[in-house]
Structures are given as C-alpha cells and as structure tokens.
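> Contents of work09.txt (compact mmCIF, C-alpha atoms and all ligand atoms) are given next:
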```txt
# COMPACT_ATOMS: atom_id res chain seq x y z
CA MET V 157 -6.37 -7.81 -10.64
CA ARG V 158 -5.51 -4.30 -11.70
CA ILE V 159 -4.72 -1.26 -9.63
CA VAL V 160 -4.54 2.46 -10.21
CA VAL V 161 -2.73 4.84 -7.93
CA ASP V 162 -4.10 8.36 -7.81
CA LEU V 163 -0.76 10.10 -8.10
CA ALA V 164 -2.33 13.48 -7.36
CA ARG V 165 -3.38 12.08 -4.00
CA CYS V 166 -0.21 10.07 -3.21
CA GLN V 167 1.96 11.84 -0.66
CA GLY V 168 4.88 9.40 -0.69
CA TYR V 169 4.07 7.68 2.60
CA ALA V 170 5.67 4.49 1.22
CA GLN V 171 3.49 2.03 3.13
CA CYS V 172 2.80 0.37 -0.21
CA VAL V 173 6.52 0.02 -0.92
CA PHE V 174 7.12 -1.67 2.44
CA LEU V 175 4.16 -4.03 2.07
CA ALA V 176 4.48 -4.91 -1.63
CA PRO V 177 7.96 -3.99 -2.86
CA GLU V 178 7.60 -6.12 -5.98
CA VAL V 179 4.71 -3.95 -7.16
CA PHE V 180 5.50 -0.46 -5.83
CA GLU V 181 8.72 1.48 -6.09
CA LEU V 182 9.35 4.99 -4.82
CA HIS V 183 11.84 7.28 -6.53
CA GLY V 184 12.52 10.34 -4.49
CA GLU V 185 9.79 11.42 -2.09
CA GLU V 186 6.77 11.46 -4.35
CA ALA V 187 7.60 9.71 -7.64
CA LEU V 188 5.79 6.41 -7.25
CA LEU V 189 6.17 3.72 -9.91
CA TYR V 190 3.97 0.64 -9.85
CA ASN V 191 2.86 -2.35 -11.84
CA PRO V 192 -0.85 -1.82 -12.67
CA ALA V 193 -1.32 -5.52 -13.53
CA VAL V 194 -0.78 -7.19 -10.18
CA PRO V 195 0.77 -10.68 -10.37
CA ALA V 196 -1.35 -13.39 -8.72
CA GLY V 197 1.15 -13.95 -5.94
CA GLN V 198 1.03 -10.30 -4.91
CA LEU V 199 -2.72 -9.90 -4.43
CA ASP V 200 -2.78 -10.09 -0.65
CA ARG V 201 0.17 -7.78 -0.30
CA VAL V 202 -1.39 -5.21 -2.61
CA ARG V 203 -4.69 -5.36 -0.74
CA GLN V 204 -2.78 -4.74 2.49
CA ALA V 205 -0.96 -1.85 0.85
CA ALA V 206 -4.22 -0.31 -0.34
CA ALA V 207 -5.66 -0.59 3.17
CA ALA V 208 -2.50 0.87 4.71
CA CYS V 209 -2.15 3.91 2.47
CA PRO V 210 -2.97 6.88 4.74
CA VAL V 211 -4.58 8.86 1.91
CA GLN V 212 -6.36 5.94 0.14
CA ALA V 213 -4.50 6.61 -3.11
CA ILE V 214 -4.45 2.96 -4.23
CA LEU V 215 -7.58 1.90 -6.07
CA VAL V 216 -8.03 -1.85 -6.48
CA GLY V 217 -10.11 -3.23 -9.34
CA ASP V 218 -11.32 -6.77 -9.88
CA GLN V 219 -10.51 -7.24 -13.56
FE1 LIG R 301 1.65 6.97 -1.95
FE2 LIG R 301 0.03 5.77 -0.33
FE3 LIG R 301 2.08 4.50 -1.26
S1 LIG R 301 0.68 7.86 -0.19
S2 LIG R 301 3.64 6.04 -1.58
S3 LIG R 301 0.36 5.25 -2.46
S4 LIG R 301 1.28 4.36 0.79
```
Show the structure stored in the file as structure tokens.
Ligand code: F3S

Amino acid sequence: MRIVVDLARCQGYAQCVFLAPEVFELHGEEALLYNPAVPAGQLDRVRQAAAACPVQAILVGDQ
C-alpha cells in the first residue's frame, strides 16, 4: 500500500504521528516526513491515521 500526504493541506495536527509513529514523523510544527511505501504491519495504523487527520491530508492508495 502506498500513501501520499498533501503537504499543502497538512496543518501539523500530528494525529498521524501518534497513531503510526513508524510511518510519520513531524519535524517542527508543519514539516511532516513519511514513508510513502507503507510496511505490511503498519496498514491498519495508517488507515486509522488517514481517518483521524482533521484535514484529510493523507491519501491512501491500494497499490
Ligand atoms: Fe498533517 Fe494530518 Fe498528520 S494535518 S501532521 S497529516 S494528522
């Protein structure tokens, strides 16, 4: 599974970092780093993170 974060939309709410810290990392208030190729063991956490993001910045793909 791959993800894309719309960094223009991301406001640094950090819900993704709390829910999937192995995939998302926040540097400062709005500099989000992430692994676009989600490891198999992180799928549920990333789906939860995408659902929890208040501005729907995390786009989840199926490939
Ligand atoms: Fe940004 Fe949403 Fe995460 S606003 S820091 S992608 S919870």
> Taking all atoms listed in the file and a cut-off of 10 Å, can you tell me which residues surround ligand LIG 301 (chain R), written as number ranges by chain?
V: 160-176, 180-183, 185-190, 205-215
> Which value, in Å to one decimal, gives the distance between CA of Gln204 (chain V) and CA of Ile159 (chain V)?
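Computed distance, CA of Gln204 (chain V) to CA of Ile159 (chain V), equals 12.8 Å.
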> CA of Gly184 (chain V) and CA of Arg158 (chain V), how far apart in Å?
24.3 Å
> Find the residues near Pro195 (chain V): any atom within 12 Å, counting only C-alpha atoms, skip ones fewer than 3 places away on the same chain, and give them as a ChimeraX atom specification.
/V:157-159,176,178-179,190-192,198-202
> Might I get the box with edges along x, y and z of the file that holds all atoms of region 180-199 of chain V listed there, padded by 6 Å on every side, given as centre and edge lengths in Å to one decimal, as AutoDock Vina command-line options?

```
--center_x 4.9 --center_y -1.2 --center_z -7.8 --size_x 27.2 --size_y 37.4 --size_z 23.4
```
> Please write N, CA, C and O atoms of region 167-194 of chain V, from the structure given just now, as a compact mmCIF listing (two decimals), in the first residue's frame.

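Final file, selection-v4.txt:
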```
# COMPACT_ATOMS: atom_id res chain seq x y z
N GLN V 167 -1.67 20.49 8.30
CA GLN V 167 -1.55 21.62 9.22
C GLN V 167 -0.76 21.25 10.48
O GLN V 167 -0.77 21.98 11.45
N GLY V 168 -0.13 20.08 10.46
CA GLY V 168 0.67 19.66 11.61
C GLY V 168 -0.12 19.22 12.82
O GLY V 168 0.34 19.36 13.95
N TYR V 169 -1.29 18.63 12.60
CA TYR V 169 -2.12 18.19 13.73
C TYR V 169 -1.54 16.98 14.46
O TYR V 169 -1.93 16.67 15.58
N ALA V 170 -0.68 16.24 13.78
CA ALA V 170 0.11 15.16 14.39
C ALA V 170 -0.70 13.94 14.82
O ALA V 170 -0.17 13.07 15.51
N GLN V 171 -1.95 13.83 14.42
CA GLN V 171 -2.69 12.62 14.73
C GLN V 171 -2.01 11.41 14.08
O GLN V 171 -1.97 10.32 14.65
N CYS V 172 -1.50 11.62 12.89
CA CYS V 172 -0.83 10.52 12.17
C CYS V 172 0.42 10.06 12.92
O CYS V 172 0.71 8.87 12.98
N VAL V 173 1.14 11.00 13.51
CA VAL V 173 2.36 10.66 14.24
C VAL V 173 2.02 9.83 15.48
O VAL V 173 2.70 8.87 15.81
N PHE V 174 0.95 10.20 16.17
CA PHE V 174 0.55 9.45 17.35
C PHE V 174 0.08 8.04 16.98
O PHE V 174 0.37 7.07 17.67
N LEU V 175 -0.66 7.93 15.88
CA LEU V 175 -1.26 6.65 15.52
C LEU V 175 -0.30 5.72 14.78
O LEU V 175 -0.40 4.50 14.91
N ALA V 176 0.62 6.27 14.01
CA ALA V 176 1.56 5.43 13.23
C ALA V 176 2.95 6.06 13.25
O ALA V 176 3.46 6.52 12.23
N PRO V 177 3.59 6.04 14.41
CA PRO V 177 4.89 6.73 14.53
C PRO V 177 6.01 6.09 13.71
O PRO V 177 7.03 6.74 13.48
N GLU V 178 5.81 4.87 13.25
CA GLU V 178 6.86 4.26 12.43
C GLU V 178 6.76 4.72 10.98
O GLU V 178 7.67 4.47 10.18
N VAL V 179 5.68 5.38 10.63
CA VAL V 179 5.49 5.83 9.25
C VAL V 179 5.58 7.35 9.14
O VAL V 179 6.12 7.88 8.17
N PHE V 180 5.06 8.05 10.16
CA PHE V 180 5.02 9.51 10.11
C PHE V 180 5.93 10.12 11.17
O PHE V 180 6.02 9.62 12.29
N GLU V 181 6.55 11.20 10.81
CA GLU V 181 7.47 11.88 11.73
C GLU V 181 7.31 13.39 11.49
O GLU V 181 7.31 13.83 10.35
N LEU V 182 7.14 14.12 12.57
CA LEU V 182 6.92 15.56 12.44
C LEU V 182 8.16 16.30 12.94
O LEU V 182 8.64 16.06 14.04
N HIS V 183 8.67 17.17 12.09
CA HIS V 183 9.82 18.00 12.48
C HIS V 183 9.35 19.44 12.53
O HIS V 183 8.96 19.99 11.51
N GLY V 184 9.37 20.01 13.71
CA GLY V 184 8.79 21.33 13.85
C GLY V 184 7.28 21.21 13.77
O GLY V 184 6.73 20.13 13.95
N GLU V 185 6.59 22.29 13.50
CA GLU V 185 5.13 22.24 13.54
C GLU V 185 4.48 21.74 12.25
O GLU V 185 3.40 21.19 12.26
N GLU V 186 5.15 21.93 11.13
CA GLU V 186 4.48 21.58 9.88
C GLU V 186 5.34 20.79 8.90
O GLU V 186 4.92 20.56 7.77
N ALA V 187 6.56 20.38 9.30
CA ALA V 187 7.42 19.64 8.40
C ALA V 187 7.20 18.15 8.64
O ALA V 187 7.81 17.55 9.51
N LEU V 188 6.30 17.57 7.87
CA LEU V 188 5.96 16.16 8.05
C LEU V 188 6.80 15.30 7.10
O LEU V 188 6.84 15.54 5.90
N LEU V 189 7.46 14.30 7.68
CA LEU V 189 8.16 13.30 6.87
C LEU V 189 7.38 12.00 6.99
O LEU V 189 6.81 11.71 8.04
N TYR V 190 7.37 11.20 5.92
CA TYR V 190 6.64 9.94 5.99
C TYR V 190 7.21 8.96 5.00
O TYR V 190 7.91 9.33 4.05
N ASN V 191 6.89 7.69 5.25
CA ASN V 191 7.31 6.62 4.35
C ASN V 191 6.16 6.34 3.39
O ASN V 191 5.14 5.81 3.81
N PRO V 192 6.30 6.68 2.11
CA PRO V 192 5.18 6.50 1.17
C PRO V 192 4.86 5.04 0.89
O PRO V 192 3.74 4.73 0.49
N ALA V 193 5.81 4.14 1.10
CA ALA V 193 5.56 2.71 0.90
C ALA V 193 5.33 2.09 2.28
O ALA V 193 6.26 1.79 3.01
N VAL V 194 4.07 1.92 2.62
CA VAL V 194 3.71 1.50 3.98
C VAL V 194 4.04 0.02 4.18
O VAL V 194 3.59 -0.82 3.41
```
